[in-house]
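Structure file model30.txt (compact mmCIF, C-alpha atoms and all ligand atoms) follows.
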```
# COMPACT_ATOMS: atom_id res chain seq x y z
CA MET P 1 -9.93 7.74 -28.11
CA THR P 2 -8.59 8.46 -24.60
CA ALA P 3 -5.33 6.74 -23.70
CA GLU P 4 -5.68 4.01 -21.07
CA PRO P 5 -4.67 5.15 -17.58
CA LEU P 6 -1.63 3.69 -15.85
CA ALA P 7 -0.12 3.91 -12.36
CA LEU P 8 3.60 3.47 -11.62
CA TYR P 9 5.02 1.93 -8.45
CA VAL P 10 8.72 2.39 -7.63
CA HIS P 11 10.24 0.23 -4.89
CA TRP P 12 13.25 1.51 -2.91
CA PRO P 13 14.36 -1.50 -0.86
CA PHE P 14 16.61 0.04 1.79
CA CYS P 15 15.99 0.98 5.44
CA VAL P 16 18.31 2.16 8.21
CA SER P 17 17.22 -0.78 10.38
CA LYS P 18 14.71 -3.63 10.21
CA CYS P 19 11.52 -3.23 12.26
CA PRO P 20 10.53 -6.44 14.09
CA TYR P 21 7.01 -6.60 12.62
CA CYS P 22 8.07 -5.92 9.04
CA ASP P 23 7.75 -8.48 6.26
CA PHE P 24 8.23 -6.00 3.42
CA ASN P 25 11.07 -6.27 0.97
CA SER P 26 13.42 -4.07 2.97
CA HIS P 27 17.16 -4.46 3.47
CA VAL P 28 19.84 -2.78 5.53
CA ARG P 29 23.08 -1.99 3.69
CA ALA P 30 26.15 -0.06 4.89
CA THR P 31 26.45 1.90 1.64
CA ILE P 32 24.15 2.50 -1.31
CA ASP P 33 25.44 3.65 -4.68
CA GLN P 34 22.72 6.11 -5.69
CA THR P 35 24.03 6.46 -9.25
CA GLN P 36 23.97 2.71 -9.81
CA TRP P 37 20.43 2.54 -8.40
CA ARG P 38 19.20 5.48 -10.45
CA ASP P 39 20.51 3.87 -13.63
CA ALA P 40 18.97 0.49 -12.76
CA LEU P 41 15.56 1.99 -11.97
CA LEU P 42 15.63 4.01 -15.19
CA ALA P 43 16.47 0.90 -17.24
CA ASP P 44 13.70 -1.09 -15.53
CA LEU P 45 11.28 1.77 -16.18
CA ALA P 46 12.25 2.01 -19.86
CA HIS P 47 11.49 -1.71 -20.21
CA GLU P 48 7.95 -1.23 -18.88
CA ALA P 49 7.47 1.86 -21.05
CA ARG P 50 8.37 -0.09 -24.20
CA LEU P 51 5.67 -2.66 -23.37
CA LEU P 52 3.06 -0.07 -22.42
CA PRO P 53 3.09 2.62 -25.10
CA ASP P 54 0.60 5.47 -25.32
CA ARG P 55 -0.64 5.44 -21.74
CA THR P 56 -1.79 8.29 -19.55
CA LEU P 57 0.12 8.33 -16.26
CA THR P 58 -2.22 9.07 -13.37
CA SER P 59 0.05 8.41 -10.38
CA ILE P 60 3.54 7.48 -9.23
CA PHE P 61 4.15 5.93 -5.82
CA PHE P 62 7.62 5.62 -4.27
CA GLY P 63 7.32 2.85 -1.65
CA GLY P 64 9.72 0.71 0.27
CA GLY P 65 11.78 0.21 2.23
CA THR P 66 12.36 3.85 3.00
CA PRO P 67 12.19 5.91 -0.19
CA SER P 68 12.74 9.13 1.76
CA LEU P 69 16.37 7.93 1.86
CA MET P 70 16.58 8.28 -1.92
CA ASP P 71 18.55 11.25 -3.17
CA ALA P 72 16.13 13.90 -4.40
CA SER P 73 18.01 13.83 -7.72
CA THR P 74 17.27 10.08 -8.06
CA VAL P 75 13.58 10.72 -7.34
CA GLN P 76 13.56 13.55 -9.86
CA ALA P 77 15.26 11.40 -12.53
CA VAL P 78 12.58 8.71 -12.16
CA ILE P 79 9.73 11.26 -12.27
CA ASP P 80 11.23 13.01 -15.31
CA ALA P 81 11.70 9.72 -17.16
CA ALA P 82 8.22 8.42 -16.28
CA THR P 83 6.53 11.63 -17.39
CA SER P 84 8.43 11.60 -20.66
CA HIS P 85 7.65 7.92 -21.39
CA TRP P 86 3.96 8.49 -20.64
CA GLN P 87 1.67 11.51 -20.81
CA PRO P 88 1.01 12.63 -17.21
CA THR P 89 -2.46 13.81 -16.27
CA GLY P 90 -2.60 17.47 -15.22
CA ASP P 91 -3.32 16.43 -11.64
CA ILE P 92 -0.90 13.51 -11.45
CA GLU P 93 -0.50 12.25 -7.87
CA ILE P 94 3.14 11.60 -6.92
CA THR P 95 3.46 10.05 -3.46
CA LEU P 96 6.52 9.14 -1.45
CA GLU P 97 6.57 7.12 1.77
CA ALA P 98 8.72 8.79 4.41
CA ASN P 99 9.97 7.97 7.86
CA PRO P 100 9.67 10.81 10.32
CA ASN P 101 13.20 11.29 11.58
CA SER P 102 14.96 14.60 11.38
CA VAL P 103 17.42 13.54 8.67
CA GLU P 104 14.65 12.55 6.34
CA ALA P 105 12.44 15.53 7.18
CA ALA P 106 15.35 17.78 6.17
CA ARG P 107 15.01 16.36 2.65
CA PHE P 108 11.32 17.23 2.26
CA ALA P 109 11.86 20.60 0.58
CA ASP P 110 14.17 19.00 -2.01
CA LEU P 111 11.72 16.17 -2.59
CA ALA P 112 8.93 18.69 -3.19
CA VAL P 113 11.11 20.46 -5.77
CA ALA P 114 11.80 17.06 -7.37
CA GLY P 115 8.05 16.70 -8.00
CA ILE P 116 6.63 14.83 -5.00
CA ASN P 117 3.19 16.27 -4.19
CA ARG P 118 1.95 13.81 -1.57
CA VAL P 119 3.72 12.22 1.37
CA SER P 120 2.73 9.22 3.42
CA LEU P 121 4.48 9.49 6.76
CA GLY P 122 5.14 6.40 8.90
CA LEU P 123 4.45 7.94 12.31
CA GLN P 124 3.06 4.61 13.66
CA SER P 125 2.56 5.88 17.24
CA PHE P 126 2.66 9.01 19.41
CA ASN P 127 4.12 7.08 22.32
CA ASP P 128 7.88 6.59 22.79
CA LYS P 129 7.44 3.24 24.53
CA ALA P 130 5.27 1.91 21.69
CA LEU P 131 7.75 3.25 19.11
CA ALA P 132 10.58 1.44 20.89
CA PHE P 133 8.48 -1.76 20.98
CA LEU P 134 7.90 -1.40 17.22
CA GLY P 135 11.64 -0.93 16.69
CA ARG P 136 11.15 2.45 15.07
CA ALA P 137 14.14 4.72 14.61
CA HIS P 138 12.26 7.91 15.58
CA SER P 139 10.73 9.39 18.72
CA ALA P 140 7.21 10.80 19.12
CA SER P 141 8.50 14.38 19.16
CA GLU P 142 10.50 13.77 15.97
CA GLY P 143 7.29 12.41 14.46
CA PHE P 144 5.30 15.57 15.25
CA ALA P 145 8.11 17.78 13.95
CA ALA P 146 8.35 15.76 10.72
CA LEU P 147 4.58 16.03 10.24
CA GLU P 148 4.76 19.79 10.58
CA THR P 149 7.63 19.98 8.07
CA ALA P 150 5.75 17.70 5.69
CA GLN P 151 2.59 19.82 5.93
CA LYS P 152 4.64 22.92 5.07
CA ASN P 153 6.20 21.28 2.02
CA PHE P 154 3.49 19.11 0.48
CA ARG P 155 -0.10 19.77 -0.53
CA ARG P 156 -1.26 16.35 0.64
CA VAL P 157 0.09 14.56 3.72
CA SER P 158 -1.13 11.25 5.05
CA PHE P 159 0.24 9.41 8.03
CA ASP P 160 0.18 5.84 9.29
CA LEU P 161 -0.51 4.58 12.78
CA ILE P 162 -0.33 1.02 14.05
CA TYR P 163 -2.79 -0.11 16.71
CA GLY P 164 -3.74 -3.32 18.44
CA LEU P 165 -0.38 -3.57 20.20
CA PRO P 166 -0.28 -5.86 23.23
CA GLY P 167 -1.88 -3.90 26.08
CA ASP P 168 -3.80 -1.49 23.81
CA THR P 169 -7.27 -0.77 25.17
CA ASP P 170 -10.32 1.05 23.83
CA ASP P 171 -9.36 4.02 26.02
CA SER P 172 -5.69 4.21 25.05
CA TRP P 173 -6.43 3.84 21.33
CA SER P 174 -9.34 6.28 21.32
CA MET P 175 -7.09 8.92 22.93
CA THR P 176 -4.40 8.37 20.30
CA LEU P 177 -6.90 8.44 17.46
CA ALA P 178 -8.61 11.55 18.81
CA GLN P 179 -5.21 13.26 18.86
CA ALA P 180 -4.48 12.05 15.31
CA LEU P 181 -7.73 13.55 14.09
CA THR P 182 -6.70 17.00 15.37
CA LEU P 183 -3.49 17.05 13.32
CA GLY P 184 -4.98 18.45 10.15
CA THR P 185 -4.60 15.44 7.90
CA ARG P 186 -7.15 14.53 5.28
CA HIS P 187 -5.93 10.94 4.87
CA LEU P 188 -4.99 8.37 7.50
CA SER P 189 -3.76 4.78 7.21
CA LEU P 190 -4.59 2.87 10.39
CA TYR P 191 -3.20 -0.65 10.52
CA GLN P 192 -3.74 -3.31 13.11
CA LEU P 193 -0.52 -4.96 14.22
CA THR P 194 -0.37 -8.35 12.56
CA ILE P 195 2.25 -10.99 13.28
CA GLU P 196 3.67 -11.92 9.91
CA PRO P 197 5.55 -15.20 9.41
CA GLY P 198 9.32 -14.81 9.27
CA THR P 199 9.44 -11.59 11.33
CA ARG P 200 11.17 -11.11 14.67
CA PHE P 201 7.75 -10.70 16.30
CA ALA P 202 6.69 -14.08 14.89
CA SER P 203 9.66 -15.78 16.52
CA MET P 204 8.94 -13.94 19.80
CA VAL P 205 5.35 -15.20 19.69
CA GLY P 206 6.71 -18.72 19.03
CA LYS P 207 8.90 -18.44 22.13
CA ARG P 208 6.02 -16.98 24.16
CA GLU P 209 7.94 -13.73 24.63
CA LEU P 210 5.11 -11.78 23.01
CA GLU P 211 1.38 -12.28 23.29
CA PRO P 212 -0.65 -10.64 20.52
CA LEU P 213 -3.91 -8.93 21.32
CA ASP P 214 -6.84 -11.37 21.25
CA ALA P 215 -9.26 -11.40 18.31
CA ASP P 216 -12.23 -9.92 20.21
CA SER P 217 -10.22 -6.93 21.47
CA SER P 218 -8.82 -6.40 17.96
CA ALA P 219 -12.32 -6.46 16.48
CA ALA P 220 -13.54 -3.95 19.09
CA LEU P 221 -10.64 -1.62 18.25
CA TYR P 222 -11.46 -1.88 14.55
CA GLU P 223 -15.09 -0.94 15.18
CA LEU P 224 -14.02 1.94 17.40
CA THR P 225 -11.68 3.16 14.65
CA ASP P 226 -14.46 2.99 12.10
CA ALA P 227 -16.88 4.96 14.31
CA MET P 228 -14.37 7.66 15.27
CA THR P 229 -12.99 8.27 11.78
CA SER P 230 -16.48 8.32 10.25
CA GLY P 231 -17.60 10.78 12.92
CA ALA P 232 -14.65 13.03 12.06
CA GLY P 233 -15.44 13.01 8.33
CA LEU P 234 -12.67 10.59 7.30
CA PRO P 235 -14.57 7.34 6.81
CA ALA P 236 -12.83 4.11 5.80
CA TYR P 237 -12.77 3.93 2.02
CA GLU P 238 -10.70 0.74 2.31
CA ILE P 239 -10.09 -1.69 5.19
CA SER P 240 -7.26 0.38 6.72
CA ASN P 241 -7.46 3.66 4.83
CA HIS P 242 -9.54 6.69 5.76
CA ALA P 243 -10.00 9.95 3.91
CA ARG P 244 -12.11 13.00 3.45
CA PRO P 245 -14.07 12.62 0.19
CA GLY P 246 -11.73 13.37 -2.72
CA GLN P 247 -8.57 12.81 -0.65
CA GLU P 248 -8.28 9.04 -1.22
CA SER P 249 -4.97 7.72 -2.52
CA ARG P 250 -5.61 7.62 -6.26
CA HIS P 251 -2.63 5.34 -6.72
CA ASN P 252 -3.92 2.70 -4.33
CA LEU P 253 -7.42 3.01 -5.80
CA THR P 254 -5.90 1.86 -9.10
CA TYR P 255 -4.84 -1.39 -7.40
CA TRP P 256 -8.15 -1.94 -5.70
CA ARG P 257 -10.20 -1.04 -8.78
CA TYR P 258 -8.05 -3.45 -10.75
CA GLY P 259 -6.42 -1.00 -13.12
CA ASP P 260 -3.09 -1.57 -14.84
CA TYR P 261 0.07 -0.59 -13.02
CA ALA P 262 3.75 -0.90 -13.78
CA GLY P 263 6.02 -1.78 -10.87
CA ILE P 264 9.77 -1.21 -10.96
CA GLY P 265 12.55 -1.86 -8.44
CA PRO P 266 13.34 -4.91 -6.28
CA GLY P 267 10.35 -7.11 -5.48
CA ALA P 268 7.88 -4.75 -7.17
CA HIS P 269 4.70 -6.34 -8.50
CA GLY P 270 3.03 -5.17 -11.66
CA ARG P 271 -0.08 -5.95 -13.65
CA ARG P 272 -0.29 -5.03 -17.27
CA LEU P 273 -2.28 -6.21 -20.28
CA GLY P 274 -3.58 -9.35 -18.57
CA MET P 275 -0.14 -10.31 -17.22
CA ARG P 276 1.19 -10.38 -13.68
CA MET P 277 4.89 -9.84 -13.03
CA VAL P 278 7.20 -9.68 -10.07
CA ARG P 279 10.81 -8.53 -9.86
CA HIS P 280 13.84 -9.96 -8.08
CA LYS P 281 13.53 -9.17 -4.40
CA LYS P 282 17.13 -9.11 -3.25
CA PRO P 283 18.71 -5.79 -4.27
CA GLU P 284 21.91 -7.38 -5.59
CA ASN P 285 19.96 -9.94 -7.67
CA PHE P 286 17.80 -7.17 -9.06
CA LEU P 287 20.85 -5.15 -10.13
CA SER P 288 22.41 -8.22 -11.84
CA ALA P 289 19.14 -8.98 -13.64
CA VAL P 290 18.87 -5.40 -14.94
CA LYS P 291 22.48 -5.60 -16.14
CA ARG P 292 21.87 -8.94 -17.81
CA ASN P 293 18.37 -8.46 -19.23
CA GLY P 294 17.64 -4.74 -19.17
CA HIS P 295 14.86 -5.31 -16.60
CA GLY P 296 14.48 -6.78 -13.10
CA ILE P 297 11.60 -9.21 -13.77
CA SER P 298 11.94 -12.64 -12.15
CA GLU P 299 8.50 -14.06 -12.98
CA GLU P 300 5.87 -13.17 -15.51
CA ALA P 301 2.61 -15.03 -16.09
CA SER P 302 -0.61 -14.48 -17.98
CA LEU P 303 -3.71 -14.42 -15.88
CA SER P 304 -6.61 -16.62 -16.94
CA PRO P 305 -10.00 -14.83 -17.01
CA TYR P 306 -10.86 -16.77 -13.82
CA GLU P 307 -7.72 -15.62 -12.00
CA ALA P 308 -8.20 -12.03 -13.14
CA ALA P 309 -11.86 -11.98 -12.06
CA ASP P 310 -10.90 -13.58 -8.75
CA GLU P 311 -8.25 -10.93 -8.11
CA ALA P 312 -10.58 -8.10 -9.14
CA LEU P 313 -13.19 -9.38 -6.67
CA VAL P 314 -10.67 -9.83 -3.84
CA MET P 315 -9.17 -6.39 -4.36
CA GLY P 316 -12.45 -4.57 -4.97
CA LEU P 317 -14.16 -5.90 -1.87
CA ARG P 318 -11.52 -4.20 0.26
CA LEU P 319 -13.17 -0.93 -0.78
CA ALA P 320 -16.20 0.62 0.89
CA GLU P 321 -17.58 1.24 -2.61
CA GLY P 322 -17.29 -2.52 -3.27
CA VAL P 323 -17.48 -4.05 -6.73
CA ASP P 324 -19.94 -4.51 -9.54
CA ALA P 325 -19.77 -8.30 -9.78
CA ASP P 326 -21.56 -8.47 -13.15
CA ALA P 327 -19.28 -5.79 -14.61
CA ILE P 328 -16.22 -7.84 -13.57
CA ALA P 329 -17.77 -10.97 -15.08
CA GLY P 330 -18.46 -9.06 -18.32
CA ARG P 331 -14.96 -7.59 -18.39
CA PHE P 332 -13.40 -11.05 -18.36
CA GLY P 333 -16.04 -12.81 -20.47
CA LEU P 334 -17.33 -15.00 -17.65
CA GLY P 335 -20.69 -16.07 -16.28
CA PRO P 336 -21.66 -15.13 -12.71
CA ILE P 337 -18.62 -14.78 -10.46
CA VAL P 338 -20.50 -14.75 -7.18
CA ASN P 339 -23.13 -16.96 -5.63
CA TRP P 340 -26.04 -14.50 -5.42
CA PRO P 341 -28.14 -16.44 -2.85
CA LYS P 342 -25.06 -16.44 -0.56
CA VAL P 343 -24.59 -12.73 -1.18
CA ASP P 344 -28.21 -12.13 -0.18
CA GLN P 345 -27.72 -14.16 3.00
CA LEU P 346 -24.73 -11.99 3.90
CA VAL P 347 -26.77 -8.87 3.15
CA ALA P 348 -29.43 -10.15 5.55
CA SER P 349 -26.81 -10.82 8.24
CA GLY P 350 -25.43 -7.28 7.93
CA HIS P 351 -22.05 -8.16 6.39
CA LEU P 352 -22.67 -6.92 2.83
CA THR P 353 -24.81 -4.36 1.06
CA ARG P 354 -26.17 -4.93 -2.43
CA THR P 355 -27.46 -2.49 -5.04
CA GLY P 356 -28.23 -4.37 -8.25
CA SER P 357 -25.02 -6.23 -9.01
CA ARG P 358 -22.83 -3.96 -6.87
CA ILE P 359 -21.84 -5.52 -3.57
CA ALA P 360 -19.91 -3.86 -0.76
CA PRO P 361 -18.77 -4.94 2.68
CA THR P 362 -20.21 -3.25 5.76
CA ALA P 363 -17.84 -2.37 8.63
CA ALA P 364 -18.69 -5.75 10.19
CA GLY P 365 -18.09 -7.43 6.84
CA ARG P 366 -14.65 -5.84 6.41
CA LEU P 367 -13.56 -7.70 9.55
CA LEU P 368 -14.45 -11.05 7.96
CA LEU P 369 -13.48 -10.42 4.38
CA ASP P 370 -11.52 -13.60 3.74
CA HIS P 371 -14.39 -15.67 5.08
CA ILE P 372 -16.94 -13.73 3.00
CA LEU P 373 -14.89 -14.17 -0.15
CA GLY P 374 -14.69 -17.90 0.48
CA GLU P 375 -18.49 -17.99 0.80
CA ILE P 376 -19.50 -15.96 -2.22
CA ALA P 377 -16.84 -16.46 -4.90
CA VAL P 378 -17.69 -19.00 -7.55
CA VAL P 379 -14.94 -18.23 -10.06
CA SER P 380 -12.19 -20.31 -8.45
CA PRO P 381 -10.72 -21.00 -5.03
CA ILE P 382 -10.12 -17.58 -3.59
CA SER P 383 -6.68 -16.43 -2.52
CA ALA P 384 -6.26 -14.71 0.83
CA ALA P 385 -6.85 -11.00 0.25
CA VAL P 386 -3.62 -9.98 1.87
CA GLU P 387 -1.46 -12.14 -0.40
CA LEU P 388 -2.56 -10.11 -3.39
CA MET P 389 -1.61 -6.81 -1.87
CA PRO P 390 1.06 -4.89 -3.71
CA GLU P 391 4.11 -4.03 -1.59
CA SER P 392 3.16 -0.43 -1.03
CA VAL P 393 -0.30 -0.92 0.42
CA ALA P 394 0.49 -1.56 4.02
CA ALA P 395 2.17 0.04 6.96
CA ALA P 396 5.85 0.74 6.40
S1 LIG K 1 8.42 -1.22 8.60
FE1 LIG K 1 9.09 0.28 7.07
S2 LIG K 1 10.86 1.30 8.03
FE2 LIG K 1 10.53 -0.62 9.18
S3 LIG K 1 11.88 -2.12 8.16
FE3 LIG K 1 9.86 -2.28 7.22
S4 LIG K 1 9.93 -0.97 5.40
FE4 LIG K 1 11.65 -0.38 6.76
```
Here is the file; what I need is its structure written in the form of structure tokens.
Ligand code: SF4
Amino acid sequence: MTAEPLALYVHWPFCVSKCPYCDFNSHVRATIDQTQWRDALLADLAHEARLLPDRTLTSIFFGGGTPSLMDASTVQAVIDAATSHWQPTGDIEITLEANPNSVEAARFADLAVAGINRVSLGLQSFNDKALAFLGRAHSASEGFAALETAQKNFRRVSFDLIYGLPGDTDDSWSMTLAQALTLGTRHLSLYQLTIEPGTRFASMVGKRELEPLDADSSAALYELTDAMTSGAGLPAYEISNHARPGQESRHNLTYWRYGDYAGIGPGAHGRRLGMRMVRHKKPENFLSAVKRNGHGISEEASLSPYEAADEALVMGLRLAEGVDADAIAGRFGLGPIVNWPKVDQLVASGHLTRTGSRIAPTAAGRLLLDHILGEIAVVSPISAAVELMPESVAAA
């Protein structure tokens, strides 16, 4: 019998500064004791490994925060421990999110030696004014230099861009995207700027100091993005993620295809053996919990078959490949989980495609996913798709 596959997410919660749009679990601290953090992550990892014996490890993802600020020796210690707790696949994907400033780029060679084989670079823009607006700590030229260094050091390099900034137009964004598509990447994460509650941008919007782009312009930019990336051979395989065939993030596919994953580090989410768990978000609370309990978990709950099917549907419909609704129902021992007449209506209106019991959103459907889920799901009230996203699957 083949061992069940497993993905591992590692959250590094520190950044040099806080970006005004960011609602991730990121914190700025004057000093970070790398040894203390290495030991805490290793203890948290050992806890998960005890509960998940005999698994095959398909991917590791270091997200944050800014994990490119981790010492390479800390990264290596986590990789070594993970690949001794679990049997790694021969082609294990080990990704690290990096910010493109010169200090971090100087660490790339060491990170490659430590075992990282894929980097996701937070370029976010090629324009210095836009980078300043986004509160980023790097310039456009530093971004290009970091990309070049990353491409020399890692086999697979993805980068992120944020679009839909106030003042963005079809012309300005198509020029940026055209340039991005010449930079030799086989994976791109393209996120629309969203104003998240609790961020500095949200308070600026409240005070009328910032006016977000209107919904129609945002939708037009999304459609433009879809057309240009498809034309260049990197179609959207998920709402915001584009890749040449075979270059998709295997780690993130595990989330969206509803596989098991262990999550360690502050605020990390995990899903294993029908349970959902989340860890203490604040770094200091996480460290105390690990000291006290040997792990950083703050909440753990079993998922009912309805909740699990609901989540699998929400996550799977983010993907261009969609979901097999009957297979999900069978997996969790349930009757139909979607309203098929409603599905057929949405197929007729051009928002979904259907092949047997497999349903998938069209590009127009991806824009209205929350609404579509509300229409078709019959398992239980649907949660907003974005609330179920693990920490690492978004622009950082
Ligand atoms: S967007 Fe990324 S770099 Fe900026 S504060 Fe958030 S996690 Fe840190």
Give me, please, the distance in Å between atom CA of Gly322 of chain P and atom CA of His351 of chain P, quoted to one decimal.
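Answer for the atom CA of Gly322 of chain P to atom CA of His351 of chain P separation: 12.2 Å.
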Quick one, how far is atom CA of Ser141 of chain P from atom CA of Cys19 of chain P?
19.2 Å
Contact residues around segment 55-71 of chain P with only C-alpha atoms at 8 Å, ignoring same-chain residues under 6 positions, as a PyMOL selection string
chain P and resi 3-15+24-27+34+79+83+86-89+91-99+104+107+250-251+391-392+396
Between atom CA of Ile372 of chain P and atom CA of Pro341 of chain P, what is the distance in Å, rounded to a tenth?
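According to the coordinates, atom CA of Ile372 of chain P and atom CA of Pro341 of chain P are separated by 12.9 Å.
The shell of residues at most 10 Å from Ser73 of chain P, with all atoms listed in the file counted and near chain neighbours (fewer than 5 positions) removed, consists of Gln34, Thr35, Arg38, Val78, Ile79, Asp110, Leu111, Val113 and Ala114 of chain P.
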Of the candidates P:Gly365, P:Gly167, P:Pro283, P:Pro336, which one gets nearest to Leu317 of chain P if we count all atoms listed in the file?
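Using all atoms listed in the file, the shortest distance to Leu317 of chain P belongs to P:Gly365.
Minimum atom-to-atom distance to Pro266 of chain P, evaluated using all atoms listed in the file, belongs to P:Ser298 out of P:Gly115, P:Ser298, P:Ser249, P:Pro361.
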